[in-house]
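**Q** This one is structure-v4.pdb, PDB, C-alpha atoms and all ligand atoms.
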```pdb
ATOM      1  CA  MET S1247       0.000   0.000   0.000  1.00  0.00           C
ATOM      2  CA  LYS S1248       1.267   3.445  -0.917  1.00  0.00           C
ATOM      3  CA  ASN S1249       0.381   6.534   1.103  1.00  0.00           C
ATOM      4  CA  ILE S1250      -0.920   9.577  -0.744  1.00  0.00           C
ATOM      5  CA  VAL S1251      -1.154  13.040   0.818  1.00  0.00           C
ATOM      6  CA  ILE S1252      -3.241  15.603  -1.092  1.00  0.00           C
ATOM      7  CA  LEU S1253      -2.669  19.354  -0.764  1.00  0.00           C
ATOM      8  CA  ILE S1254      -5.535  21.747  -1.531  1.00  0.00           C
ATOM      9  CA  SER S1255      -6.362  25.423  -1.089  1.00  0.00           C
ATOM     10  CA  GLY S1256      -9.987  25.644  -2.196  1.00  0.00           C
ATOM     11  CA  ARG S1257     -12.838  23.774  -3.833  1.00  0.00           C
ATOM     12  CA  GLY S1258     -10.986  20.477  -4.116  1.00  0.00           C
ATOM     13  CA  SER S1259     -12.806  18.983  -7.090  1.00  0.00           C
ATOM     14  CA  ASN S1260      -9.594  17.359  -8.349  1.00  0.00           C
ATOM     15  CA  MET S1261      -8.965  15.969  -4.858  1.00  0.00           C
ATOM     16  CA  GLU S1262     -12.506  14.571  -4.982  1.00  0.00           C
ATOM     17  CA  ALA S1263     -11.860  12.942  -8.375  1.00  0.00           C
ATOM     18  CA  VAL S1264      -8.700  11.248  -7.042  1.00  0.00           C
ATOM     19  CA  ILE S1265     -10.447  10.036  -3.875  1.00  0.00           C
ATOM     20  CA  ARG S1266     -13.401   8.665  -5.848  1.00  0.00           C
ATOM     21  CA  ALA S1267     -11.151   6.870  -8.357  1.00  0.00           C
ATOM     22  CA  ALA S1268      -8.961   5.363  -5.628  1.00  0.00           C
ATOM     23  CA  GLN S1269     -12.042   3.951  -3.923  1.00  0.00           C
ATOM     24  CA  ALA S1270     -13.932   2.835  -7.049  1.00  0.00           C
ATOM     25  CA  GLU S1271     -10.861   1.241  -8.670  1.00  0.00           C
ATOM     26  CA  GLN S1272      -9.476  -0.141  -5.395  1.00  0.00           C
ATOM     27  CA  TRP S1273      -5.985   1.258  -5.834  1.00  0.00           C
ATOM     28  CA  PRO S1274      -3.263  -0.276  -3.670  1.00  0.00           C
ATOM     29  CA  ALA S1275      -3.049   3.091  -1.936  1.00  0.00           C
ATOM     30  CA  ARG S1276      -4.619   5.007   0.892  1.00  0.00           C
ATOM     31  CA  ILE S1277      -5.324   8.708   0.947  1.00  0.00           C
ATOM     32  CA  ALA S1278      -3.509   9.266   4.225  1.00  0.00           C
ATOM     33  CA  ALA S1279      -4.480  12.921   4.617  1.00  0.00           C
ATOM     34  CA  VAL S1280      -5.793  16.045   2.928  1.00  0.00           C
ATOM     35  CA  ILE S1281      -3.997  19.212   3.998  1.00  0.00           C
ATOM     36  CA  SER S1282      -5.182  22.717   3.124  1.00  0.00           C
ATOM     37  CA  SER S1283      -3.314  26.016   3.080  1.00  0.00           C
ATOM     38  CA  ARG S1284      -6.618  27.750   3.854  1.00  0.00           C
ATOM     39  CA  SER S1285      -8.959  26.993   6.762  1.00  0.00           C
ATOM     40  CA  ASP S1286     -12.014  27.925   4.662  1.00  0.00           C
ATOM     41  CA  ALA S1287     -11.276  25.477   1.806  1.00  0.00           C
ATOM     42  CA  PRO S1288     -14.581  23.820   0.820  1.00  0.00           C
ATOM     43  CA  GLY S1289     -12.706  20.608  -0.084  1.00  0.00           C
ATOM     44  CA  LEU S1290     -11.938  19.842   3.582  1.00  0.00           C
ATOM     45  CA  ALA S1291     -15.559  18.852   4.248  1.00  0.00           C
ATOM     46  CA  PHE S1292     -15.625  16.294   1.424  1.00  0.00           C
ATOM     47  CA  ALA S1293     -12.426  14.651   2.678  1.00  0.00           C
ATOM     48  CA  ALA S1294     -13.704  14.500   6.265  1.00  0.00           C
ATOM     49  CA  ALA S1295     -17.019  13.052   5.087  1.00  0.00           C
ATOM     50  CA  HIS S1296     -15.056  10.284   3.357  1.00  0.00           C
ATOM     51  CA  GLY S1297     -13.205   9.357   6.531  1.00  0.00           C
ATOM     52  CA  ILE S1298      -9.950  10.983   5.489  1.00  0.00           C
ATOM     53  CA  GLY S1299      -7.943  12.872   8.075  1.00  0.00           C
ATOM     54  CA  THR S1300      -7.650  16.583   7.386  1.00  0.00           C
ATOM     55  CA  ALA S1301      -5.306  19.305   8.576  1.00  0.00           C
ATOM     56  CA  VAL S1302      -4.878  23.007   7.931  1.00  0.00           C
ATOM     57  CA  VAL S1303      -1.534  24.765   7.673  1.00  0.00           C
ATOM     58  CA  GLU S1304      -2.680  28.298   7.020  1.00  0.00           C
ATOM     59  CA  SER S1305      -0.183  30.093   4.824  1.00  0.00           C
ATOM     60  CA  LYS S1306      -1.226  33.556   5.964  1.00  0.00           C
ATOM     61  CA  GLN S1307      -0.181  32.691   9.543  1.00  0.00           C
ATOM     62  CA  TYR S1308       3.484  32.539   8.538  1.00  0.00           C
ATOM     63  CA  ALA S1309       5.744  35.488   7.872  1.00  0.00           C
ATOM     64  CA  THR S1310       7.971  33.720   5.370  1.00  0.00           C
ATOM     65  CA  ARG S1311       7.640  30.972   2.778  1.00  0.00           C
ATOM     66  CA  ALA S1312      10.416  29.023   4.537  1.00  0.00           C
ATOM     67  CA  GLU S1313       8.477  28.918   7.832  1.00  0.00           C
ATOM     68  CA  PHE S1314       5.242  27.892   6.131  1.00  0.00           C
ATOM     69  CA  ASP S1315       6.981  25.162   4.137  1.00  0.00           C
ATOM     70  CA  ALA S1316       8.747  23.780   7.235  1.00  0.00           C
ATOM     71  CA  VAL S1317       5.471  23.442   9.151  1.00  0.00           C
ATOM     72  CA  LEU S1318       3.714  22.015   6.098  1.00  0.00           C
ATOM     73  CA  GLN S1319       6.512  19.473   5.572  1.00  0.00           C
ATOM     74  CA  ALA S1320       6.333  18.321   9.202  1.00  0.00           C
ATOM     75  CA  GLU S1321       2.555  17.877   8.935  1.00  0.00           C
ATOM     76  CA  ILE S1322       2.892  15.950   5.655  1.00  0.00           C
ATOM     77  CA  ASP S1323       5.696  13.686   6.869  1.00  0.00           C
ATOM     78  CA  ARG S1324       3.638  12.414   9.823  1.00  0.00           C
ATOM     79  CA  HIS S1325       1.888  10.364   7.108  1.00  0.00           C
ATOM     80  CA  ALA S1326       5.047   8.931   5.488  1.00  0.00           C
ATOM     81  CA  PRO S1327       3.823   9.806   1.995  1.00  0.00           C
ATOM     82  CA  ASP S1328       4.977   7.944  -1.102  1.00  0.00           C
ATOM     83  CA  LEU S1329       3.278  10.615  -3.208  1.00  0.00           C
ATOM     84  CA  LEU S1330       2.231  14.218  -2.692  1.00  0.00           C
ATOM     85  CA  VAL S1331      -0.637  15.388  -4.938  1.00  0.00           C
ATOM     86  CA  LEU S1332      -1.155  19.146  -5.432  1.00  0.00           C
ATOM     87  CA  ALA S1333      -4.822  19.722  -6.292  1.00  0.00           C
ATOM     88  CA  GLY S1334      -5.606  23.401  -6.688  1.00  0.00           C
ATOM     89  CA  PHE S1335      -2.814  24.213  -4.240  1.00  0.00           C
ATOM     90  CA  MET S1336      -2.095  27.946  -4.429  1.00  0.00           C
ATOM     91  CA  ARG S1337       1.259  28.514  -2.680  1.00  0.00           C
ATOM     92  CA  ILE S1338       4.597  28.540  -4.487  1.00  0.00           C
ATOM     93  CA  LEU S1339       6.891  26.061  -2.710  1.00  0.00           C
ATOM     94  CA  THR S1340      10.514  26.760  -1.756  1.00  0.00           C
ATOM     95  CA  PRO S1341      13.430  24.798  -3.275  1.00  0.00           C
ATOM     96  CA  PRO S1342      14.226  22.844  -0.046  1.00  0.00           C
ATOM     97  CA  PHE S1343      10.605  21.664   0.170  1.00  0.00           C
ATOM     98  CA  VAL S1344      10.570  20.660  -3.493  1.00  0.00           C
ATOM     99  CA  GLU S1345      13.909  18.842  -3.093  1.00  0.00           C
ATOM    100  CA  HIS S1346      12.569  16.873  -0.103  1.00  0.00           C
ATOM    101  CA  TYR S1347       9.734  15.480  -2.284  1.00  0.00           C
ATOM    102  CA  ALA S1348      11.701  15.196  -5.527  1.00  0.00           C
ATOM    103  CA  GLY S1349      10.213  12.546  -7.808  1.00  0.00           C
ATOM    104  CA  ARG S1350       7.157  12.076  -5.594  1.00  0.00           C
ATOM    105  CA  MET S1351       5.144  15.290  -6.042  1.00  0.00           C
ATOM    106  CA  LEU S1352       2.616  15.844  -8.846  1.00  0.00           C
ATOM    107  CA  ASN S1353       0.610  18.943  -9.828  1.00  0.00           C
ATOM    108  CA  ILE S1354      -2.223  19.555 -12.266  1.00  0.00           C
ATOM    109  CA  HIS S1355      -1.977  22.890 -14.018  1.00  0.00           C
ATOM    110  CA  PRO S1356      -4.833  24.360 -16.074  1.00  0.00           C
ATOM    111  CA  SER S1357      -3.009  24.987 -19.355  1.00  0.00           C
ATOM    112  CA  LEU S1358      -1.100  23.144 -22.046  1.00  0.00           C
ATOM    113  CA  LEU S1359       2.355  23.717 -20.566  1.00  0.00           C
ATOM    114  CA  PRO S1360       4.791  25.179 -21.554  1.00  0.00           C
ATOM    115  CA  LEU S1361       2.050  27.673 -22.516  1.00  0.00           C
ATOM    116  CA  PHE S1362       0.713  29.856 -19.687  1.00  0.00           C
ATOM    117  CA  PRO S1363       2.576  28.856 -16.521  1.00  0.00           C
ATOM    118  CA  GLY S1364       1.446  30.708 -13.387  1.00  0.00           C
ATOM    119  CA  LEU S1365      -2.009  32.100 -12.633  1.00  0.00           C
ATOM    120  CA  SER S1366      -5.070  33.252 -14.663  1.00  0.00           C
ATOM    121  CA  THR S1367      -4.372  30.699 -17.376  1.00  0.00           C
ATOM    122  CA  HIS S1368      -7.874  30.695 -18.905  1.00  0.00           C
ATOM    123  CA  ALA S1369      -8.016  34.475 -19.291  1.00  0.00           C
ATOM    124  CA  ARG S1370      -4.547  34.486 -20.816  1.00  0.00           C
ATOM    125  CA  ALA S1371      -5.439  31.686 -23.248  1.00  0.00           C
ATOM    126  CA  LEU S1372      -8.523  33.641 -24.374  1.00  0.00           C
ATOM    127  CA  ALA S1373      -6.504  36.843 -24.725  1.00  0.00           C
ATOM    128  CA  ALA S1374      -3.864  35.032 -26.795  1.00  0.00           C
ATOM    129  CA  GLY S1375      -6.528  33.691 -29.157  1.00  0.00           C
ATOM    130  CA  VAL S1376      -5.370  30.070 -29.016  1.00  0.00           C
ATOM    131  CA  THR S1377      -7.745  27.533 -30.573  1.00  0.00           C
ATOM    132  CA  GLU S1378      -6.781  24.768 -28.148  1.00  0.00           C
ATOM    133  CA  HIS S1379      -6.326  24.825 -24.386  1.00  0.00           C
ATOM    134  CA  GLY S1380      -6.240  22.193 -21.667  1.00  0.00           C
ATOM    135  CA  ALA S1381      -4.477  20.864 -18.607  1.00  0.00           C
ATOM    136  CA  THR S1382      -1.113  19.317 -17.757  1.00  0.00           C
ATOM    137  CA  VAL S1383      -0.058  16.908 -15.027  1.00  0.00           C
ATOM    138  CA  HIS S1384       3.614  17.368 -14.201  1.00  0.00           C
ATOM    139  CA  PHE S1385       6.206  16.486 -11.592  1.00  0.00           C
ATOM    140  CA  VAL S1386       6.880  19.508  -9.402  1.00  0.00           C
ATOM    141  CA  THR S1387      10.351  21.011  -9.594  1.00  0.00           C
ATOM    142  CA  ALA S1388      11.710  24.244  -8.135  1.00  0.00           C
ATOM    143  CA  GLU S1389      10.915  26.179 -11.302  1.00  0.00           C
ATOM    144  CA  LEU S1390       7.190  26.991 -11.255  1.00  0.00           C
ATOM    145  CA  ASP S1391       5.104  24.878 -13.647  1.00  0.00           C
ATOM    146  CA  HIS S1392       8.215  23.645 -15.486  1.00  0.00           C
ATOM    147  CA  GLY S1393       8.610  20.090 -14.196  1.00  0.00           C
ATOM    148  CA  PRO S1394       8.506  17.041 -16.506  1.00  0.00           C
ATOM    149  CA  THR S1395       5.086  16.438 -18.099  1.00  0.00           C
ATOM    150  CA  VAL S1396       3.251  13.222 -17.236  1.00  0.00           C
ATOM    151  CA  ALA S1397       0.009  13.730 -19.194  1.00  0.00           C
ATOM    152  CA  GLN S1398      -2.033  16.387 -20.990  1.00  0.00           C
ATOM    153  CA  ALA S1399      -5.658  16.778 -22.059  1.00  0.00           C
ATOM    154  CA  THR S1400      -6.754  19.169 -24.792  1.00  0.00           C
ATOM    155  CA  VAL S1401     -10.071  20.969 -25.298  1.00  0.00           C
ATOM    156  CA  PRO S1402     -11.166  23.297 -28.098  1.00  0.00           C
ATOM    157  CA  VAL S1403     -11.584  27.011 -27.478  1.00  0.00           C
ATOM    158  CA  LEU S1404     -15.016  27.850 -28.910  1.00  0.00           C
ATOM    159  CA  PRO S1405     -16.423  31.130 -30.223  1.00  0.00           C
ATOM    160  CA  GLY S1406     -18.003  33.116 -27.417  1.00  0.00           C
ATOM    161  CA  ASP S1407     -16.030  31.313 -24.706  1.00  0.00           C
ATOM    162  CA  THR S1408     -15.586  33.128 -21.401  1.00  0.00           C
ATOM    163  CA  VAL S1409     -13.278  32.242 -18.515  1.00  0.00           C
ATOM    164  CA  GLU S1410     -16.263  30.437 -16.968  1.00  0.00           C
ATOM    165  CA  THR S1411     -17.159  28.280 -19.969  1.00  0.00           C
ATOM    166  CA  LEU S1412     -13.553  27.524 -20.881  1.00  0.00           C
ATOM    167  CA  SER S1413     -12.449  26.683 -17.325  1.00  0.00           C
ATOM    168  CA  ALA S1414     -15.444  24.359 -16.914  1.00  0.00           C
ATOM    169  CA  ARG S1415     -14.513  22.513 -20.121  1.00  0.00           C
ATOM    170  CA  VAL S1416     -10.917  22.131 -18.947  1.00  0.00           C
ATOM    171  CA  LEU S1417     -11.922  21.102 -15.414  1.00  0.00           C
ATOM    172  CA  GLU S1418     -14.066  18.260 -16.730  1.00  0.00           C
ATOM    173  CA  GLN S1419     -10.969  16.878 -18.472  1.00  0.00           C
ATOM    174  CA  GLU S1420      -8.853  17.380 -15.347  1.00  0.00           C
ATOM    175  CA  HIS S1421     -11.176  15.082 -13.429  1.00  0.00           C
ATOM    176  CA  THR S1422     -10.298  12.090 -15.606  1.00  0.00           C
ATOM    177  CA  LEU S1423      -6.721  13.101 -16.418  1.00  0.00           C
ATOM    178  CA  TYR S1424      -5.465  13.539 -12.857  1.00  0.00           C
ATOM    179  CA  PRO S1425      -6.765  10.264 -11.361  1.00  0.00           C
ATOM    180  CA  ARG S1426      -5.306   8.392 -14.339  1.00  0.00           C
ATOM    181  CA  ALA S1427      -1.868   9.978 -13.875  1.00  0.00           C
ATOM    182  CA  VAL S1428      -1.882   9.432 -10.108  1.00  0.00           C
ATOM    183  CA  ARG S1429      -2.799   5.800 -10.682  1.00  0.00           C
ATOM    184  CA  TRP S1430       0.182   5.400 -13.047  1.00  0.00           C
ATOM    185  CA  PHE S1431       2.469   6.645 -10.283  1.00  0.00           C
ATOM    186  CA  ILE S1432       0.903   4.299  -7.722  1.00  0.00           C
ATOM    187  CA  GLU S1433       1.351   1.366 -10.108  1.00  0.00           C
ATOM    188  CA  ASP S1434       5.037   2.267 -10.610  1.00  0.00           C
ATOM    189  CA  ARG S1435       4.459   2.922 -14.305  1.00  0.00           C
ATOM    190  CA  LEU S1436       6.243   6.293 -14.395  1.00  0.00           C
ATOM    191  CA  THR S1437       9.979   6.587 -14.940  1.00  0.00           C
ATOM    192  CA  GLN S1438      12.007   9.723 -15.598  1.00  0.00           C
ATOM    193  CA  LEU S1439      14.938   9.872 -18.012  1.00  0.00           C
ATOM    194  CA  ASN S1440      16.780  13.057 -18.967  1.00  0.00           C
ATOM    195  CA  GLY S1441      13.907  15.257 -17.830  1.00  0.00           C
ATOM    196  CA  ALA S1442      11.260  13.314 -19.741  1.00  0.00           C
ATOM    197  CA  VAL S1443       8.646  11.005 -18.239  1.00  0.00           C
ATOM    198  CA  HIS S1444       8.008   7.577 -19.684  1.00  0.00           C
ATOM    199  CA  VAL S1445       4.687   5.820 -19.041  1.00  0.00           C
ATOM    200  CA  ASP S1446       4.798   2.017 -19.080  1.00  0.00           C
ATOM    201  CA  HIS S1447       1.651   0.918 -20.928  1.00  0.00           C
ATOM    202  CA  THR S1448       2.375  -2.816 -20.956  1.00  0.00           C
ATOM    203  CA  THR S1449      -0.353  -4.853 -19.285  1.00  0.00           C
ATOM    204  CA  HIS S1450       1.578  -6.964 -16.819  1.00  0.00           C
ATOM    205  CA  HIS S1451       0.737  -4.670 -13.886  1.00  0.00           C
TER     206      HIS S1451
HETATM  207  N1  LIG K   1       5.977  25.260  -6.374  1.00  0.00           N
HETATM  208  C1  LIG K   1       7.056  24.996  -7.104  1.00  0.00           C
HETATM  209  N2  LIG K   1       8.266  25.238  -6.560  1.00  0.00           N
HETATM  210  N3  LIG K   1       7.003  24.525  -8.373  1.00  0.00           N
HETATM  211  C2  LIG K   1       5.808  24.334  -8.953  1.00  0.00           C
HETATM  212  O1  LIG K   1       5.759  23.847 -10.185  1.00  0.00           O
HETATM  213  C3  LIG K   1       4.614  24.614  -8.234  1.00  0.00           C
HETATM  214  C4  LIG K   1       4.755  25.092  -6.915  1.00  0.00           C
HETATM  215  C5  LIG K   1       3.620  25.412  -6.158  1.00  0.00           C
HETATM  216  C6  LIG K   1       2.353  25.299  -6.719  1.00  0.00           C
HETATM  217  C7  LIG K   1       0.849  24.923  -8.659  1.00  0.00           C
HETATM  218  C8  LIG K   1       0.791  26.106  -9.661  1.00  0.00           C
HETATM  219  C9  LIG K   1      -0.337  25.951 -10.672  1.00  0.00           C
HETATM  220  O2  LIG K   1      -0.627  24.827 -11.111  1.00  0.00           O
HETATM  221  C10 LIG K   1       2.208  24.879  -8.038  1.00  0.00           C
HETATM  222  C11 LIG K   1       3.329  24.505  -8.787  1.00  0.00           C
HETATM  223  C12 LIG K   1       0.460  28.987  -7.186  1.00  0.00           C
HETATM  224  C13 LIG K   1       0.993  30.040  -7.894  1.00  0.00           C
HETATM  225  C14 LIG K   1       1.117  31.427  -7.292  1.00  0.00           C
HETATM  226  O3  LIG K   1       1.528  32.355  -7.944  1.00  0.00           O
HETATM  227  C15 LIG K   1       1.438  29.795  -9.188  1.00  0.00           C
HETATM  228  C16 LIG K   1       1.364  28.527  -9.734  1.00  0.00           C
HETATM  229  C17 LIG K   1       0.826  27.466  -9.008  1.00  0.00           C
HETATM  230  C18 LIG K   1       0.374  27.709  -7.731  1.00  0.00           C
HETATM  231  N4  LIG K   1       0.786  31.573  -5.974  1.00  0.00           N
HETATM  232  C19 LIG K   1       0.882  32.829  -5.224  1.00  0.00           C
HETATM  233  C20 LIG K   1       2.095  32.823  -4.285  1.00  0.00           C
HETATM  234  O4  LIG K   1       2.627  33.923  -4.040  1.00  0.00           O
HETATM  235  C21 LIG K   1      -0.335  33.069  -4.363  1.00  0.00           C
HETATM  236  C22 LIG K   1      -1.582  33.139  -5.154  1.00  0.00           C
HETATM  237  C23 LIG K   1      -2.841  33.043  -4.269  1.00  0.00           C
HETATM  238  O5  LIG K   1      -2.735  32.791  -3.066  1.00  0.00           O
HETATM  239  O6  LIG K   1      -3.935  33.216  -4.836  1.00  0.00           O
HETATM  240  O7  LIG K   1       2.453  31.737  -3.751  1.00  0.00           O
HETATM  241  O8  LIG K   1      -0.923  26.946 -11.121  1.00  0.00           O
HETATM  242  C1  LIG K   2      -8.080  23.472 -11.241  1.00  0.00           C
HETATM  243  O1  LIG K   2      -8.457  23.938 -12.521  1.00  0.00           O
HETATM  244  C2  LIG K   2      -6.573  23.346 -11.169  1.00  0.00           C
HETATM  245  O2  LIG K   2      -5.984  22.899 -12.371  1.00  0.00           O
HETATM  246  C3  LIG K   2      -6.167  24.761 -10.907  1.00  0.00           C
HETATM  247  O3  LIG K   2      -7.199  25.352 -10.133  1.00  0.00           O
HETATM  248  C4  LIG K   2      -8.358  24.553 -10.197  1.00  0.00           C
HETATM  249  C5  LIG K   2      -8.565  23.941  -8.834  1.00  0.00           C
HETATM  250  O4  LIG K   2      -9.834  23.351  -8.757  1.00  0.00           O
HETATM  251  N1  LIG K   2      -4.948  24.811 -10.183  1.00  0.00           N
HETATM  252  C6  LIG K   2      -4.245  25.912 -10.055  1.00  0.00           C
HETATM  253  O5  LIG K   2      -4.525  26.941 -10.639  1.00  0.00           O
HETATM  254  C7  LIG K   2      -3.064  25.802  -9.113  1.00  0.00           C
HETATM  255  N2  LIG K   2      -2.493  27.068  -8.928  1.00  0.00           N
HETATM  256  P1  LIG K   2     -10.166  22.311  -7.603  1.00  0.00           P
HETATM  257  O6  LIG K   2      -9.773  22.968  -6.283  1.00  0.00           O
HETATM  258  O7  LIG K   2     -11.643  22.132  -7.700  1.00  0.00           O
HETATM  259  O8  LIG K   2      -9.394  21.046  -7.867  1.00  0.00           O
END
```
Please re-express this file's structure in structure tokens.
**A**
Amino acid sequence: MKNIVILISGRGSNMEAVIRAAQAEQWPARIAAVISSRSDAPGLAFAAAHGIGTAVVESKQYATRAEFDAVLQAEIDRHAPDLLVLAGFMRILTPPFVEHYAGRMLNIHPSLLPLFPGLSTHARALAAGVTEHGATVHFVTAELDHGPTVAQATVPVLPGDTVETLSARVLEQEHTLYPRAVRWFIEDRLTQLNGAVHVDHTTHH
């Protein structure tokens, strides 16, 4: 059994998708904890209702990123995680934190990286006039939204799209993309070579 710790800051719909898939597909993994950087994150209630332990490490209570990350790391490591899953987590993490979880921390970002790293991705995609947009699952490295890509999903940008309609179309894809990628990690199907991720699609797992 592998231990997964999920980090959220808000709604937590990607967290929910991972929890539901792990239960429905009986992954050899347990969601050991859900930890939020905000005490008012709606996702905490879903996790608690599913019998998952929750904790809050409130980023605004800490004067520096280093202090916040140290407390967060201590809270996470109580659960001996094999994998850390960022799901709508909104705080940039310091290099020592990222190094501590190297090779075992995934994020889902709402754009087709390397396009639109950072925030407000849907508005920037609309402003740029791209005809395709989407989401990327990647390993987290110190450089924001630049870690090796594990999987991507693409959606069309349609005439008349707004941030609301476009983000909803992307989010729907995220909810199948992220559980699939997390499952690959749990099944030891992901290997990294020279900054690229290989997914083992043979069936002997
Ligand atoms: N940390 C590192 N080092 N590397 C990455 O790739 C990371 C990361 C932390 C979070 C998620 C990322 C996203 O998918 C993520 C990837 C927050 C910000 C941000 O600017 C940017 C990207 C992501 C997450 N956060 C502001 C900050 O000052 C706060 C914004 C807010 O609170 O609303 O930390 O998009
Ligand atoms: C998702 O679209 C996710 O890709 C994005 O925010 C949304 C979170 O929704 N993540 C980021 O922007 C990280 N900075 P959720 O809380 O319902 O999963």
**Q** Would you mind telling me which residue in S:Leu1253, S:Ala1316, S:Ala1294, S:Leu1412 lies nearest to Ile1281 (chain S) when using all atoms listed in the file?
**A**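 Smallest distance to Ile1281 (chain S) is found for S:Leu1253.
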**Q** Determine the residue membership of the PyMOL selection byres (((not hetatm)) within 6 of (chain K and resi 1)) for the file above and supply it as a list in words.
**A** Phe1335, Met1336, Arg1337, Ile1338, Leu1339, Thr1340, Val1344, Ile1354, His1355, Gly1364, Leu1365, Val1386, Thr1387, Ala1388, Glu1389, Leu1390, Asp1391 and His1392 of chain S
**Q** Give one line per residue of chain S that approaches ligand LIG 2 (chain K) to at most 8 Å, naming the two atoms of the closest pair and their distance in Å to one decimal, counting only C-alpha atoms and all ligand atoms; sort by chain then ascending residue number and deliver it as JSON lines.
**A**
```
{"residue": "S:Ile1254", "atom": "CA", "partner": "K:LIG2", "partner_atom": "O6", "distance": 6.5}
{"residue": "S:Ser1255", "atom": "CA", "partner": "K:LIG2", "partner_atom": "O6", "distance": 6.7}
{"residue": "S:Gly1256", "atom": "CA", "partner": "K:LIG2", "partner_atom": "O6", "distance": 4.9}
{"residue": "S:Arg1257", "atom": "CA", "partner": "K:LIG2", "partner_atom": "O6", "distance": 4.0}
{"residue": "S:Gly1258", "atom": "CA", "partner": "K:LIG2", "partner_atom": "O6", "distance": 3.5}
{"residue": "S:Ser1259", "atom": "CA", "partner": "K:LIG2", "partner_atom": "O7", "distance": 3.4}
{"residue": "S:Asn1260", "atom": "CA", "partner": "K:LIG2", "partner_atom": "O8", "distance": 3.7}
{"residue": "S:Met1261", "atom": "CA", "partner": "K:LIG2", "partner_atom": "O8", "distance": 5.9}
{"residue": "S:Glu1262", "atom": "CA", "partner": "K:LIG2", "partner_atom": "O8", "distance": 7.7}
{"residue": "S:Gly1289", "atom": "CA", "partner": "K:LIG2", "partner_atom": "O6", "distance": 7.3}
{"residue": "S:Leu1332", "atom": "CA", "partner": "K:LIG2", "partner_atom": "C7", "distance": 7.8}
{"residue": "S:Ala1333", "atom": "CA", "partner": "K:LIG2", "partner_atom": "O8", "distance": 5.0}
{"residue": "S:Gly1334", "atom": "CA", "partner": "K:LIG2", "partner_atom": "C5", "distance": 3.7}
{"residue": "S:Phe1335", "atom": "CA", "partner": "K:LIG2", "partner_atom": "C7", "distance": 5.1}
{"residue": "S:Met1336", "atom": "CA", "partner": "K:LIG2", "partner_atom": "N2", "distance": 4.6}
{"residue": "S:Arg1337", "atom": "CA", "partner": "K:LIG2", "partner_atom": "N2", "distance": 7.4}
{"residue": "S:Asn1353", "atom": "CA", "partner": "K:LIG2", "partner_atom": "C7", "distance": 7.8}
{"residue": "S:Ile1354", "atom": "CA", "partner": "K:LIG2", "partner_atom": "O2", "distance": 5.0}
{"residue": "S:His1355", "atom": "CA", "partner": "K:LIG2", "partner_atom": "O2", "distance": 4.3}
{"residue": "S:Pro1356", "atom": "CA", "partner": "K:LIG2", "partner_atom": "O2", "distance": 4.1}
{"residue": "S:Ser1357", "atom": "CA", "partner": "K:LIG2", "partner_atom": "O2", "distance": 7.9}
{"residue": "S:Gly1364", "atom": "CA", "partner": "K:LIG2", "partner_atom": "N2", "distance": 7.0}
{"residue": "S:Leu1365", "atom": "CA", "partner": "K:LIG2", "partner_atom": "O5", "distance": 6.1}
{"residue": "S:Ser1366", "atom": "CA", "partner": "K:LIG2", "partner_atom": "O5", "distance": 7.5}
{"residue": "S:Thr1367", "atom": "CA", "partner": "K:LIG2", "partner_atom": "O5", "distance": 7.7}
{"residue": "S:Ala1381", "atom": "CA", "partner": "K:LIG2", "partner_atom": "O2", "distance": 6.7}
{"residue": "S:Ser1413", "atom": "CA", "partner": "K:LIG2", "partner_atom": "O1", "distance": 6.8}
{"residue": "S:Val1416", "atom": "CA", "partner": "K:LIG2", "partner_atom": "O1", "distance": 7.1}
{"residue": "S:Leu1417", "atom": "CA", "partner": "K:LIG2", "partner_atom": "O1", "distance": 5.3}
{"residue": "S:Glu1420", "atom": "CA", "partner": "K:LIG2", "partner_atom": "O2", "distance": 6.9}
```
**Q** For this file, the PyMOL selection byres (((chain S and resi 1299) around 7) and not hetatm) selects which residues, as a count of residues only?
**A** 8
**Q** Find the spatial neighbours of Lys1248 (chain S), counting all atoms listed in the file, within a cut-off of 10 Å - ignore same-chain residues fewer than 6 positions away - and output them as a list in words.
**A**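 Final neighbour list, sorted by chain and number: Trp1273, Pro1274, Ala1275, Arg1276, Ile1277, Ala1278, Ala1326, Pro1327, Asp1328, Leu1329, Phe1431, Ile1432 and Glu1433 of chain S.
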**Q** Do you have the CA of Val1264 (chain S)-CA of Tyr1308 (chain S) distance handy?
**A**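 Spanning CA of Val1264 (chain S) to CA of Tyr1308 (chain S) is a straight-line distance of 29.1 Å.
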**Q** Let me make sure I understand: among S:Ala1374, S:Val1396, S:Ala1263, S:Tyr1347, which one has the smallest atom-to-atom distance to Gln1419 (chain S) if we use all atoms listed in the file?
**A** S:Ala1263
**Q** Regenerate region 1276-1281 of chain S at the level of N, CA and C atoms and dump it as an mmCIF file, in the coordinates of the input.
**A**
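Output saved as out-v1.cif:
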```cif
data_model
loop_
_atom_site.group_PDB
_atom_site.id
_atom_site.type_symbol
_atom_site.label_atom_id
_atom_site.label_comp_id
_atom_site.auth_asym_id
_atom_site.auth_seq_id
_atom_site.Cartn_x
_atom_site.Cartn_y
_atom_site.Cartn_z
ATOM 1 N N ARG S 1276 -3.648 4.335 0.020
ATOM 2 C CA ARG S 1276 -4.619 5.007 0.892
ATOM 3 C C ARG S 1276 -4.354 6.503 0.856
ATOM 4 N N ILE S 1277 -5.447 7.258 0.837
ATOM 5 C CA ILE S 1277 -5.324 8.708 0.947
ATOM 6 C C ILE S 1277 -5.109 8.967 2.437
ATOM 7 N N ALA S 1278 -3.864 9.197 2.803
ATOM 8 C CA ALA S 1278 -3.509 9.266 4.225
ATOM 9 C C ALA S 1278 -3.994 10.562 4.857
ATOM 10 N N ALA S 1279 -4.040 11.633 4.073
ATOM 11 C CA ALA S 1279 -4.480 12.921 4.617
ATOM 12 C C ALA S 1279 -4.723 13.917 3.493
ATOM 13 N N VAL S 1280 -5.592 14.868 3.779
ATOM 14 C CA VAL S 1280 -5.793 16.045 2.928
ATOM 15 C C VAL S 1280 -5.409 17.254 3.772
ATOM 16 N N ILE S 1281 -4.493 18.050 3.249
ATOM 17 C CA ILE S 1281 -3.997 19.212 3.998
ATOM 18 C C ILE S 1281 -4.255 20.468 3.178
#
```
